[in-house]
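*Asks:* This one is coords-v2.txt, compact mmCIF, C-alpha atoms and all ligand atoms.
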```txt
# COMPACT_ATOMS: atom_id res chain seq x y z
CA MET A 208 100.20 127.36 118.58
CA ASN A 209 100.06 124.09 116.65
CA ILE A 210 96.84 122.29 115.80
CA LEU A 211 96.89 118.59 116.60
CA ASP A 212 95.05 117.38 113.53
CA GLY A 213 93.38 114.15 114.59
CA LYS A 214 91.57 113.82 111.30
CA ALA A 215 94.77 113.80 109.24
CA LEU A 216 96.60 111.52 111.69
CA SER A 217 93.72 109.08 111.78
CA GLU A 218 93.75 108.91 107.97
CA THR A 219 97.48 108.11 108.06
CA ILE A 220 96.95 105.34 110.62
CA LYS A 221 94.01 103.97 108.63
CA GLN A 222 96.22 103.77 105.56
CA GLU A 223 98.78 101.81 107.60
CA ILE A 224 96.03 99.45 108.77
CA ALA A 225 94.76 99.06 105.19
CA VAL A 226 98.24 97.98 104.08
CA GLN A 227 98.29 95.31 106.79
CA VAL A 228 94.81 94.12 105.82
CA ALA A 229 95.90 93.86 102.18
CA GLU A 230 98.87 91.75 103.27
CA ILE A 231 96.61 89.47 105.33
CA LYS A 232 94.29 89.10 102.33
CA ALA A 233 97.18 88.35 99.97
CA ALA A 234 98.42 85.66 102.34
CA GLY A 235 94.94 84.12 102.46
CA GLY A 236 94.43 85.02 106.12
CA LYS A 237 91.22 85.92 107.90
CA ILE A 238 90.01 89.48 107.34
CA PRO A 239 89.56 91.35 110.66
CA HIS A 240 85.90 91.63 111.58
CA LEU A 241 84.35 94.21 113.93
CA ALA A 242 80.73 94.01 115.02
CA ALA A 243 78.78 96.86 116.59
CA VAL A 244 75.54 96.65 118.52
CA LEU A 245 73.38 99.77 118.45
CA VAL A 246 70.28 99.97 120.62
CA GLY A 247 67.71 102.70 119.99
CA ASN A 248 67.80 105.90 117.97
CA ASP A 249 70.05 108.29 119.89
CA PRO A 250 71.38 110.59 117.12
CA ALA A 251 74.90 110.90 118.58
CA SER A 252 75.20 107.11 119.03
CA GLN A 253 73.94 106.53 115.49
CA SER A 254 76.52 108.91 114.11
CA TYR A 255 79.38 107.34 116.13
CA VAL A 256 78.44 103.83 115.02
CA LYS A 257 78.05 104.94 111.42
CA SER A 258 81.53 106.40 111.46
CA LYS A 259 82.95 103.20 113.02
CA VAL A 260 81.35 101.02 110.31
CA ARG A 261 82.49 103.42 107.56
CA SER A 262 86.04 103.31 108.91
CA CYS A 263 85.98 99.49 108.83
CA GLU A 264 85.05 99.61 105.16
CA GLN A 265 87.80 102.14 104.49
CA VAL A 266 90.55 99.87 105.82
CA GLY A 267 89.14 96.66 104.34
CA PHE A 268 87.76 95.10 107.55
CA ASN A 269 84.54 93.16 107.56
CA SER A 270 81.89 94.72 109.78
CA THR A 271 78.47 93.83 111.09
CA LEU A 272 75.98 96.32 112.49
CA ILE A 273 73.34 94.84 114.76
CA ARG A 274 70.52 97.34 115.31
CA GLN A 275 67.93 96.80 117.98
CA ASP A 276 64.89 98.75 119.05
CA ASP A 277 65.21 100.47 122.45
CA SER A 278 62.45 98.19 123.74
CA ILE A 279 64.84 95.20 123.61
CA THR A 280 64.99 93.37 126.94
CA GLU A 281 68.23 93.06 128.86
CA GLU A 282 68.02 89.30 128.47
CA ALA A 283 67.73 89.53 124.68
CA LEU A 284 70.69 91.93 124.51
CA LEU A 285 72.79 89.61 126.67
CA ALA A 286 71.88 86.74 124.32
CA ILE A 287 73.19 88.77 121.36
CA ILE A 288 76.43 89.33 123.27
CA ASP A 289 76.72 85.60 124.00
CA ASP A 290 76.34 84.89 120.27
CA LEU A 291 79.02 87.44 119.37
CA ASN A 292 81.34 86.01 122.03
CA GLU A 293 80.99 82.60 120.38
CA ASP A 294 81.06 83.73 116.74
CA PRO A 295 84.44 82.67 115.28
CA TYR A 296 84.11 85.20 112.45
CA VAL A 297 83.86 88.18 114.80
CA ASP A 298 87.23 89.25 116.21
CA GLY A 299 85.94 92.07 118.33
CA PHE A 300 82.72 93.93 119.04
CA ILE A 301 81.33 96.95 120.80
CA VAL A 302 78.00 97.74 122.37
CA GLN A 303 77.44 101.44 121.81
CA LEU A 304 76.70 103.32 125.03
CA PRO A 305 74.54 104.76 126.49
CA LEU A 306 71.93 102.02 126.67
CA PRO A 307 68.25 102.52 127.55
CA LYS A 308 67.64 102.94 131.30
CA HIS A 309 66.08 99.50 131.78
CA ILE A 310 69.35 97.82 130.73
CA ASP A 311 72.19 97.52 133.22
CA GLU A 312 75.31 98.76 131.39
CA GLU A 313 77.60 97.12 133.90
CA LYS A 314 76.01 93.72 133.29
CA VAL A 315 76.41 94.21 129.55
CA THR A 316 80.06 95.24 129.84
CA LEU A 317 80.83 92.27 132.08
CA ARG A 318 79.18 89.85 129.64
CA ILE A 319 81.55 90.75 126.78
CA ASP A 320 84.42 88.29 126.44
CA PRO A 321 87.55 90.33 127.37
CA LYS A 322 89.26 88.76 124.34
CA LYS A 323 86.72 90.51 122.08
CA ASP A 324 86.34 93.68 124.16
CA VAL A 325 87.94 96.04 121.65
CA ASP A 326 86.47 99.07 123.45
CA GLY A 327 88.66 98.09 126.42
CA PHE A 328 85.82 98.66 128.91
CA HIS A 329 85.79 95.23 130.61
CA PRO A 330 87.33 95.29 134.13
CA ILE A 331 89.79 92.59 133.03
CA ASN A 332 91.18 94.85 130.32
CA PHE A 333 91.05 97.84 132.66
CA GLY A 334 92.94 95.93 135.36
CA ARG A 335 95.52 94.71 132.87
CA MET A 336 95.97 98.27 131.65
CA ALA A 337 96.49 99.49 135.22
CA GLN A 338 99.19 96.84 135.73
CA GLY A 339 100.86 97.54 132.39
CA LEU A 340 99.97 94.11 130.98
CA ALA A 341 98.93 93.37 127.39
CA CYS A 342 95.32 94.50 126.94
CA TYR A 343 92.95 96.42 124.74
CA LEU A 344 93.40 100.03 125.78
CA PRO A 345 90.19 102.06 125.96
CA ALA A 346 89.85 103.67 122.54
CA THR A 347 89.84 107.37 123.46
CA PRO A 348 92.89 107.32 125.78
CA TYR A 349 94.65 105.04 123.25
CA GLY A 350 93.99 107.61 120.52
CA ILE A 351 95.34 110.40 122.71
CA LEU A 352 98.56 108.45 123.39
CA GLN A 353 99.00 107.97 119.64
CA MET A 354 98.43 111.64 119.06
CA LEU A 355 101.04 112.67 121.64
CA GLU A 356 103.57 110.13 120.39
CA ARG A 357 103.21 110.80 116.69
CA ASN A 358 103.41 114.54 117.17
CA GLY A 359 106.61 114.14 119.18
CA ILE A 360 105.16 115.71 122.33
CA GLU A 361 107.38 114.97 125.30
CA THR A 362 105.45 113.71 128.31
CA SER A 363 108.22 112.50 130.62
CA GLY A 364 108.44 114.58 133.79
CA LYS A 365 105.58 116.82 132.67
CA HIS A 366 102.74 117.79 134.95
CA CYS A 367 99.48 116.60 133.43
CA VAL A 368 96.09 117.65 134.76
CA VAL A 369 93.22 115.43 133.70
CA VAL A 370 89.80 117.03 134.18
CA GLY A 371 87.07 114.39 134.53
CA ARG A 372 87.33 110.91 136.05
CA SER A 373 85.03 108.73 133.92
CA ASN A 374 85.89 105.06 133.52
CA ILE A 375 86.24 105.45 129.77
CA VAL A 376 88.34 108.62 129.51
CA GLY A 377 89.59 110.51 132.57
CA THR A 378 90.56 107.70 134.91
CA PRO A 379 92.30 105.49 132.31
CA MET A 380 94.04 108.57 130.88
CA SER A 381 95.43 109.41 134.31
CA ILE A 382 96.72 105.85 134.72
CA LEU A 383 98.26 105.67 131.25
CA LEU A 384 100.05 109.01 131.47
CA SER A 385 101.55 108.14 134.83
CA ARG A 386 102.83 104.73 133.66
CA LYS A 387 106.50 104.07 133.16
CA ALA A 388 106.22 104.01 129.38
CA LYS A 389 107.37 105.81 126.25
CA VAL A 390 104.32 108.06 126.35
CA GLY A 391 103.93 108.36 130.10
CA ASN A 392 106.11 109.26 133.08
CA CYS A 393 103.92 112.28 133.74
CA THR A 394 103.12 113.55 137.18
CA VAL A 395 99.35 113.39 137.00
CA THR A 396 96.66 115.27 138.88
CA LEU A 397 93.19 113.81 138.36
CA THR A 398 90.47 116.41 138.94
CA HIS A 399 86.66 116.27 139.04
CA SER A 400 83.58 118.14 140.20
CA ARG A 401 84.68 118.06 143.85
CA THR A 402 88.13 119.50 143.15
CA ARG A 403 88.70 122.72 145.09
CA ASP A 404 90.06 125.58 143.01
CA LEU A 405 90.32 123.72 139.74
CA ALA A 406 91.86 126.75 138.02
CA ALA A 407 94.84 126.62 140.41
CA GLU A 408 95.43 123.02 139.27
CA THR A 409 95.03 123.67 135.53
CA GLN A 410 97.23 126.78 135.71
CA ARG A 411 100.14 124.56 136.80
CA ALA A 412 99.64 122.03 134.00
CA ASP A 413 102.04 121.36 131.14
CA ILE A 414 99.41 119.11 129.58
CA ILE A 415 95.63 119.31 130.12
CA VAL A 416 93.25 116.53 129.13
CA ALA A 417 89.71 117.88 129.36
CA ALA A 418 86.93 115.26 129.50
CA ILE A 419 84.07 116.95 131.28
CA GLY A 420 81.11 117.34 128.95
CA ILE A 421 80.59 121.09 129.48
CA PRO A 422 81.02 123.33 126.41
CA GLY A 423 83.98 125.72 126.66
CA PHE A 424 84.56 124.94 130.35
CA ILE A 425 88.36 125.48 130.29
CA SER A 426 89.02 129.14 129.59
CA GLY A 427 92.18 131.05 128.72
CA ASP A 428 92.67 132.38 132.26
CA MET A 429 92.82 128.76 133.54
CA VAL A 430 95.93 127.78 131.56
CA LYS A 431 99.57 128.79 131.39
CA GLU A 432 101.56 129.80 128.32
CA GLY A 433 102.83 126.85 126.28
CA VAL A 434 100.33 124.31 127.60
CA VAL A 435 99.42 121.23 125.53
CA ILE A 436 95.63 120.92 125.29
CA ILE A 437 93.80 117.68 124.59
CA ASP A 438 90.10 118.47 124.32
CA VAL A 439 88.03 115.29 124.54
CA GLY A 440 84.65 116.97 124.88
CA ILE A 441 82.04 116.61 122.18
CA ASN A 442 79.10 118.85 122.99
CA ARG A 443 76.21 119.87 120.79
CA VAL A 444 75.28 123.52 121.08
CA GLU A 445 72.32 125.06 119.30
CA ASP A 446 73.26 127.00 116.20
CA ALA A 447 70.45 128.23 113.99
CA SER A 448 72.95 129.17 111.28
CA ARG A 449 73.78 125.49 110.72
CA LYS A 450 71.57 123.31 108.55
CA ARG A 451 71.34 120.65 111.26
CA GLY A 452 70.55 123.27 113.94
CA TYR A 453 73.62 122.68 116.11
CA ARG A 454 77.41 122.65 116.05
CA LEU A 455 79.93 120.58 117.96
CA VAL A 456 82.20 122.22 120.50
CA GLY A 457 84.72 120.88 122.98
CA ASP A 458 85.19 121.31 126.72
CA VAL A 459 87.83 123.94 126.03
CA ASP A 460 87.12 127.52 124.96
CA PHE A 461 89.28 127.37 121.84
CA GLU A 462 89.25 131.14 121.22
CA SER A 463 90.83 132.10 124.54
CA VAL A 464 92.96 128.96 125.13
CA ALA A 465 94.50 128.33 121.69
CA PRO A 466 96.67 131.50 121.62
CA LYS A 467 98.34 130.45 124.90
CA SER A 468 98.87 126.81 123.92
CA SER A 469 101.81 125.12 122.22
CA PHE A 470 99.57 122.35 120.86
CA ILE A 471 95.80 122.04 120.87
CA THR A 472 93.25 119.59 119.49
CA PRO A 473 90.31 121.11 117.62
CA VAL A 474 86.70 119.94 118.06
CA PRO A 475 85.64 118.44 115.77
CA GLY A 476 88.66 116.86 114.06
CA GLY A 477 90.85 116.21 117.09
CA VAL A 478 90.36 113.36 119.55
CA GLY A 479 87.14 112.06 117.95
CA PRO A 480 88.63 110.57 114.75
CA MET A 481 91.53 109.12 116.77
CA THR A 482 89.06 107.24 118.97
CA VAL A 483 87.57 105.47 115.95
CA THR A 484 91.02 104.64 114.59
CA SER A 485 92.08 103.16 117.93
CA LEU A 486 89.09 100.87 117.82
CA LEU A 487 90.36 99.63 114.45
CA LEU A 488 93.84 99.12 115.91
CA ASN A 489 92.35 97.06 118.75
CA THR A 490 90.33 95.00 116.26
CA LEU A 491 93.46 94.33 114.22
CA LYS A 492 95.22 93.19 117.41
CA ALA A 493 92.25 90.95 118.20
CA SER A 494 92.30 89.34 114.77
CA LYS A 495 96.04 88.71 115.07
CA LYS A 496 95.52 87.41 118.61
CA GLU A 497 98.25 89.75 119.78
CA VAL A 498 96.79 90.45 123.21
CA TYR A 499 95.47 87.16 124.57
CA GLY A 500 97.27 84.71 122.27
P1 LIG A 601 81.27 111.74 132.17
O1 LIG A 601 80.02 112.53 132.15
O2 LIG A 601 81.23 110.29 132.43
O3 LIG A 601 82.29 112.39 133.21
C1 LIG A 601 82.43 113.78 133.32
C2 LIG A 601 83.50 114.07 134.34
O4 LIG A 601 83.63 115.47 134.43
C3 LIG A 601 83.13 113.57 135.75
O5 LIG A 601 84.23 112.93 136.32
C4 LIG A 601 82.76 114.84 136.50
O6 LIG A 601 83.11 114.82 137.87
C5 LIG A 601 83.63 115.86 135.79
N1 LIG A 601 83.03 117.18 135.96
C6 LIG A 601 81.76 117.56 135.74
N2 LIG A 601 81.58 118.85 136.06
C7 LIG A 601 82.78 119.29 136.49
C8 LIG A 601 83.24 120.54 137.00
N3 LIG A 601 82.43 121.58 137.10
N4 LIG A 601 84.52 120.63 137.37
C9 LIG A 601 85.36 119.57 137.27
N5 LIG A 601 84.98 118.37 136.81
C10 LIG A 601 83.70 118.23 136.43
O7 LIG A 601 81.97 112.09 130.79
P2 LIG A 601 82.88 111.27 129.73
O8 LIG A 601 84.27 111.10 130.23
O9 LIG A 601 82.14 110.11 129.24
O10 LIG A 601 82.88 112.36 128.56
C11 LIG A 601 83.38 113.66 128.73
C12 LIG A 601 83.24 114.41 127.42
O11 LIG A 601 84.02 113.75 126.44
C13 LIG A 601 81.82 114.46 126.85
O12 LIG A 601 81.67 115.68 126.17
C14 LIG A 601 81.80 113.32 125.86
O13 LIG A 601 80.85 113.51 124.82
C15 LIG A 601 83.20 113.37 125.33
N6 LIG A 601 83.73 112.11 124.81
C16 LIG A 601 84.41 112.19 123.65
C17 LIG A 601 85.00 111.07 123.12
C18 LIG A 601 85.80 111.22 121.87
O14 LIG A 601 86.03 110.26 121.19
N7 LIG A 601 86.29 112.43 121.56
C19 LIG A 601 84.86 109.76 123.73
C20 LIG A 601 84.16 109.79 125.01
C21 LIG A 601 83.62 110.94 125.51
P3 LIG A 601 82.41 113.82 138.94
O15 LIG A 601 83.05 112.48 138.70
O16 LIG A 601 82.77 114.42 140.25
O17 LIG A 601 80.95 113.84 138.62
```
Translate the structure of the given file into structure tokens.
*Replies:*
Amino acid sequence: MNILDGKALSETIKQEIAVQVAEIKAAGGKIPHLAAVLVGNDPASQSYVKSKVRSCEQVGFNSTLIRQDDSITEEALLAIIDDLNEDPYVDGFIVQLPLPKHIDEEKVTLRIDPKKDVDGFHPINFGRMAQGLACYLPATPYGILQMLERNGIETSGKHCVVVGRSNIVGTPMSILLSRKAKVGNCTVTLTHSRTRDLAAETQRADIIVAAIGIPGFISGDMVKEGVVIIDVGINRVEDASRKRGYRLVGDVDFESVAPKSSFITPVPGGVGPMTVTSLLLNTLKASKKEVYG
């Protein structure tokens, strides 16, 4: 069993980005600039955004955090997005999800200029991804591809079972792994809550990507020997022994699955840090105008 250390890999990639930023600075170019919009006080969202801003500082990017009360109207939020779309100093921006119930997330996503959509959530970027065209890949699947590639994990011809079909993780992951690409060429089965006999599917998998949102859902008896496990889940479970009163666990029961796996991502320290790093990579691409010219 090998641990896929997302924390260490993300630090390596951040160092590579920092070198590029230093070169841009030395040449008198424009420093990449990521903006983040955070609405409300959801603790998980606050911690994600904080880590994104901190990572920007680490690599030498400029960053702007726009915080709004959860009483903000949809109209006012859309106006902020319009401003960011027009702002020549901002290369890319994200609106941290989830948003309060009175705001239509789809409307917000559609309002973001695809050229600045470094989260890769806009349907234009999603469609371009599906067709294998230049685009901003959604950050979590992008991070997983990096992790597979940089750890030399062969994907071609492998049977990959993706559990969960969200627009931001499961569905794009299934598309990307089935593409004719260096990290791709998998035979993919995309599963969800209506899948009959999920265990029969996961037991056949060479690679499992779990993005469900249920702590420890994939257990040892659901996987075969030698499987590669990518655990996307980030779930808070109560833990009185921790100062903050909870701990983070994945969608995979690490104890029973790890001994059977050839590679496995831990939670925390696996996919999570890679997601943040991919956002930086997309912002760098945006500042260099690599995707849309
Ligand atoms: P969603 O809640 O949007 O989707 C969950 C998916 O799991 C759905 O497709 C659902 O099926 C499926 N599902 C639910 N129950 C079952 C079941 N019993 N059997 C099979 N499938 C089931 O989740 P996200 O993709 O947004 O997130 C998934 C997890 O990943 C969460 O823990 C989240 O916090 C984490 N996450 C982590 C990130 C990271 O950077 N590491 C980034 C994004 C998310 P159906 O469609 O039928 O309802």
*Asks:* Which residues come within 12 Å of A:Met429, counting all atoms listed in the file, excluding same-chain residues fewer than 4 positions away, as a list in words?
*Replies:*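 What passes the distance filter is Val368, Asp404, Leu405, Ala406, Ala407, Glu408, Thr409, Gln410, Arg411, Ala412, Ile415, Gly423, Phe424, Ile425, Val434, Ile436, Val459, Asp460, Ser463, Val464, Ala465, Lys467 and Ser468 of chain A.
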*Asks:* Please tell me which residues are no farther than 9 Å from (68.5, 102.3, 112.0) in the file, counting only C-alpha atoms, and write them as a PDB file with C-alpha atoms, in the coordinates of the input.
*Replies:*
```pdb
ATOM      1  CA  LEU A 245      73.380  99.770 118.450  1.00  0.00           C
ATOM      2  CA  GLY A 247      67.710 102.700 119.990  1.00  0.00           C
ATOM      3  CA  ASN A 248      67.800 105.900 117.970  1.00  0.00           C
ATOM      4  CA  GLN A 253      73.940 106.530 115.490  1.00  0.00           C
ATOM      5  CA  ARG A 274      70.520  97.340 115.310  1.00  0.00           C
ATOM      6  CA  GLN A 275      67.930  96.800 117.980  1.00  0.00           C
ATOM      7  CA  ASP A 276      64.890  98.750 119.050  1.00  0.00           C
TER       8      ASP A 276
END
```
*Asks:* Taking all atoms listed in the file into account, which of A:Asn292, A:Ser258, A:Gln222, A:Thr490 comes nearest ligand LIG 601 (chain A)?
*Replies:*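 For ligand LIG 601 (chain A), the nearest of the candidates is A:Ser258.
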*Asks:* Which is closest to ligand LIG 601 (chain A) among A:Asn489, A:Thr280, A:Asn374, A:Asn332, if we use all atoms listed in the file?
*Replies:*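 Of A:Asn489, A:Thr280, A:Asn374, A:Asn332, the one nearest ligand LIG 601 (chain A) is A:Asn374, counting all atoms listed in the file.
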*Asks:* May I have the residues within 7 Å of stretch 217-220 of chain A as a PyMOL selection string, using only C-alpha atoms and disregarding those fewer than 3 positions away in the same chain?
*Replies:* chain A and resi 213-214+223-224+480-481+484
*Asks:* Work out how far apart atom O2 of ligand LIG 601 (chain A) and atom CA of A:Val430 are and give it in Å to one decimal.
*Replies:* 22.9 Å
*Asks:* Could stretch 378-389 of chain A be written out with all heavy atoms, as a PDB file, in the first residue's frame, please?
*Replies:*
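Just written: decode39.pdb:
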```
ATOM      1  N   THR A 378     -19.067  13.549 -12.341  1.00  0.00           N
ATOM      2  CA  THR A 378     -19.306  13.538 -13.795  1.00  0.00           C
ATOM      3  C   THR A 378     -18.070  13.992 -14.582  1.00  0.00           C
ATOM      4  O   THR A 378     -17.646  13.283 -15.515  1.00  0.00           O
ATOM      5  CB  THR A 378     -20.567  14.362 -14.139  1.00  0.00           C
ATOM      6  OG1 THR A 378     -21.684  13.714 -13.516  1.00  0.00           O
ATOM      7  CG2 THR A 378     -20.799  14.439 -15.628  1.00  0.00           C
ATOM      8  N   PRO A 379     -17.458  15.151 -14.231  1.00  0.00           N
ATOM      9  CA  PRO A 379     -16.251  15.509 -14.995  1.00  0.00           C
ATOM     10  C   PRO A 379     -15.130  14.469 -14.875  1.00  0.00           C
ATOM     11  O   PRO A 379     -14.416  14.202 -15.832  1.00  0.00           O
ATOM     12  CB  PRO A 379     -15.816  16.866 -14.416  1.00  0.00           C
ATOM     13  CG  PRO A 379     -16.618  17.065 -13.174  1.00  0.00           C
ATOM     14  CD  PRO A 379     -17.845  16.237 -13.291  1.00  0.00           C
ATOM     15  N   MET A 380     -15.009  13.857 -13.694  1.00  0.00           N
ATOM     16  CA  MET A 380     -13.966  12.833 -13.522  1.00  0.00           C
ATOM     17  C   MET A 380     -14.193  11.680 -14.489  1.00  0.00           C
ATOM     18  O   MET A 380     -13.249  11.158 -15.092  1.00  0.00           O
ATOM     19  CB  MET A 380     -14.051  12.331 -12.065  1.00  0.00           C
ATOM     20  CG  MET A 380     -12.795  11.705 -11.556  1.00  0.00           C
ATOM     21  SD  MET A 380     -11.445  12.865 -11.448  1.00  0.00           S
ATOM     22  CE  MET A 380     -10.314  12.241 -12.660  1.00  0.00           C
ATOM     23  N   SER A 381     -15.464  11.281 -14.638  1.00  0.00           N
ATOM     24  CA  SER A 381     -15.766  10.153 -15.526  1.00  0.00           C
ATOM     25  C   SER A 381     -15.437  10.512 -16.975  1.00  0.00           C
ATOM     26  O   SER A 381     -14.933   9.688 -17.732  1.00  0.00           O
ATOM     27  CB  SER A 381     -17.231   9.730 -15.383  1.00  0.00           C
ATOM     28  OG  SER A 381     -18.089  10.705 -15.929  1.00  0.00           O
ATOM     29  N   ILE A 382     -15.694  11.759 -17.338  1.00  0.00           N
ATOM     30  CA  ILE A 382     -15.379  12.200 -18.710  1.00  0.00           C
ATOM     31  C   ILE A 382     -13.862  12.233 -18.927  1.00  0.00           C
ATOM     32  O   ILE A 382     -13.343  11.714 -19.917  1.00  0.00           O
ATOM     33  CB  ILE A 382     -15.998  13.592 -18.985  1.00  0.00           C
ATOM     34  CG1 ILE A 382     -17.526  13.515 -18.961  1.00  0.00           C
ATOM     35  CG2 ILE A 382     -15.493  14.179 -20.311  1.00  0.00           C
ATOM     36  CD1 ILE A 382     -18.232  14.858 -18.963  1.00  0.00           C
ATOM     37  N   LEU A 383     -13.170  12.822 -17.963  1.00  0.00           N
ATOM     38  CA  LEU A 383     -11.715  13.001 -18.128  1.00  0.00           C
ATOM     39  C   LEU A 383     -10.984  11.655 -18.170  1.00  0.00           C
ATOM     40  O   LEU A 383     -10.068  11.464 -18.968  1.00  0.00           O
ATOM     41  CB  LEU A 383     -11.158  13.870 -16.994  1.00  0.00           C
ATOM     42  CG  LEU A 383     -11.563  15.342 -17.084  1.00  0.00           C
ATOM     43  CD1 LEU A 383     -11.314  16.064 -15.766  1.00  0.00           C
ATOM     44  CD2 LEU A 383     -10.798  16.031 -18.222  1.00  0.00           C
ATOM     45  N   LEU A 384     -11.401  10.727 -17.336  1.00  0.00           N
ATOM     46  CA  LEU A 384     -10.685   9.444 -17.313  1.00  0.00           C
ATOM     47  C   LEU A 384     -10.997   8.583 -18.527  1.00  0.00           C
ATOM     48  O   LEU A 384     -10.250   7.665 -18.845  1.00  0.00           O
ATOM     49  CB  LEU A 384     -10.973   8.690 -16.013  1.00  0.00           C
ATOM     50  CG  LEU A 384     -10.231   9.245 -14.797  1.00  0.00           C
ATOM     51  CD1 LEU A 384     -10.692   8.559 -13.519  1.00  0.00           C
ATOM     52  CD2 LEU A 384      -8.713   9.089 -14.942  1.00  0.00           C
ATOM     53  N   SER A 385     -12.099   8.897 -19.206  1.00  0.00           N
ATOM     54  CA  SER A 385     -12.407   8.089 -20.400  1.00  0.00           C
ATOM     55  C   SER A 385     -11.863   8.739 -21.681  1.00  0.00           C
ATOM     56  O   SER A 385     -11.945   8.161 -22.753  1.00  0.00           O
ATOM     57  CB  SER A 385     -13.921   7.871 -20.515  1.00  0.00           C
ATOM     58  OG  SER A 385     -14.575   9.106 -20.629  1.00  0.00           O
ATOM     59  N   ARG A 386     -11.309   9.960 -21.543  1.00  0.00           N
ATOM     60  CA  ARG A 386     -10.788  10.656 -22.738  1.00  0.00           C
ATOM     61  C   ARG A 386      -9.563   9.927 -23.301  1.00  0.00           C
ATOM     62  O   ARG A 386      -8.833   9.256 -22.573  1.00  0.00           O
ATOM     63  CB  ARG A 386     -10.332  12.081 -22.385  1.00  0.00           C
ATOM     64  CG  ARG A 386     -11.437  13.044 -22.185  1.00  0.00           C
ATOM     65  CD  ARG A 386     -10.963  14.483 -22.227  1.00  0.00           C
ATOM     66  NE  ARG A 386      -9.750  14.738 -21.438  1.00  0.00           N
ATOM     67  CZ  ARG A 386      -9.223  15.944 -21.272  1.00  0.00           C
ATOM     68  NH1 ARG A 386      -9.779  17.001 -21.832  1.00  0.00           N
ATOM     69  NH2 ARG A 386      -8.136  16.113 -20.563  1.00  0.00           N
ATOM     70  N   LYS A 387      -9.357  10.174 -24.578  1.00  0.00           N
ATOM     71  CA  LYS A 387      -8.135   9.665 -25.211  1.00  0.00           C
ATOM     72  C   LYS A 387      -7.028  10.646 -24.856  1.00  0.00           C
ATOM     73  O   LYS A 387      -6.841  11.665 -25.525  1.00  0.00           O
ATOM     74  CB  LYS A 387      -8.351   9.631 -26.733  1.00  0.00           C
ATOM     75  CG  LYS A 387      -7.423   8.722 -27.470  1.00  0.00           C
ATOM     76  CD  LYS A 387      -7.884   8.593 -28.897  1.00  0.00           C
ATOM     77  CE  LYS A 387      -7.142   7.508 -29.624  1.00  0.00           C
ATOM     78  NZ  LYS A 387      -7.710   7.252 -30.936  1.00  0.00           N
ATOM     79  N   ALA A 388      -6.353  10.386 -23.753  1.00  0.00           N
ATOM     80  CA  ALA A 388      -5.351  11.342 -23.260  1.00  0.00           C
ATOM     81  C   ALA A 388      -4.325  10.581 -22.437  1.00  0.00           C
ATOM     82  O   ALA A 388      -4.538   9.412 -22.084  1.00  0.00           O
ATOM     83  CB  ALA A 388      -6.033  12.389 -22.391  1.00  0.00           C
ATOM     84  N   LYS A 389      -3.231  11.269 -22.127  1.00  0.00           N
ATOM     85  CA  LYS A 389      -2.139  10.630 -21.383  1.00  0.00           C
ATOM     86  C   LYS A 389      -2.668  10.002 -20.087  1.00  0.00           C
ATOM     87  O   LYS A 389      -2.417   8.843 -19.800  1.00  0.00           O
ATOM     88  CB  LYS A 389      -1.080  11.683 -21.088  1.00  0.00           C
ATOM     89  CG  LYS A 389       0.213  11.116 -20.608  1.00  0.00           C
ATOM     90  CD  LYS A 389       1.273  12.192 -20.578  1.00  0.00           C
ATOM     91  CE  LYS A 389       2.461  11.734 -19.777  1.00  0.00           C
ATOM     92  NZ  LYS A 389       3.194  12.858 -19.213  1.00  0.00           N
TER      93      LYS A 389
END
```
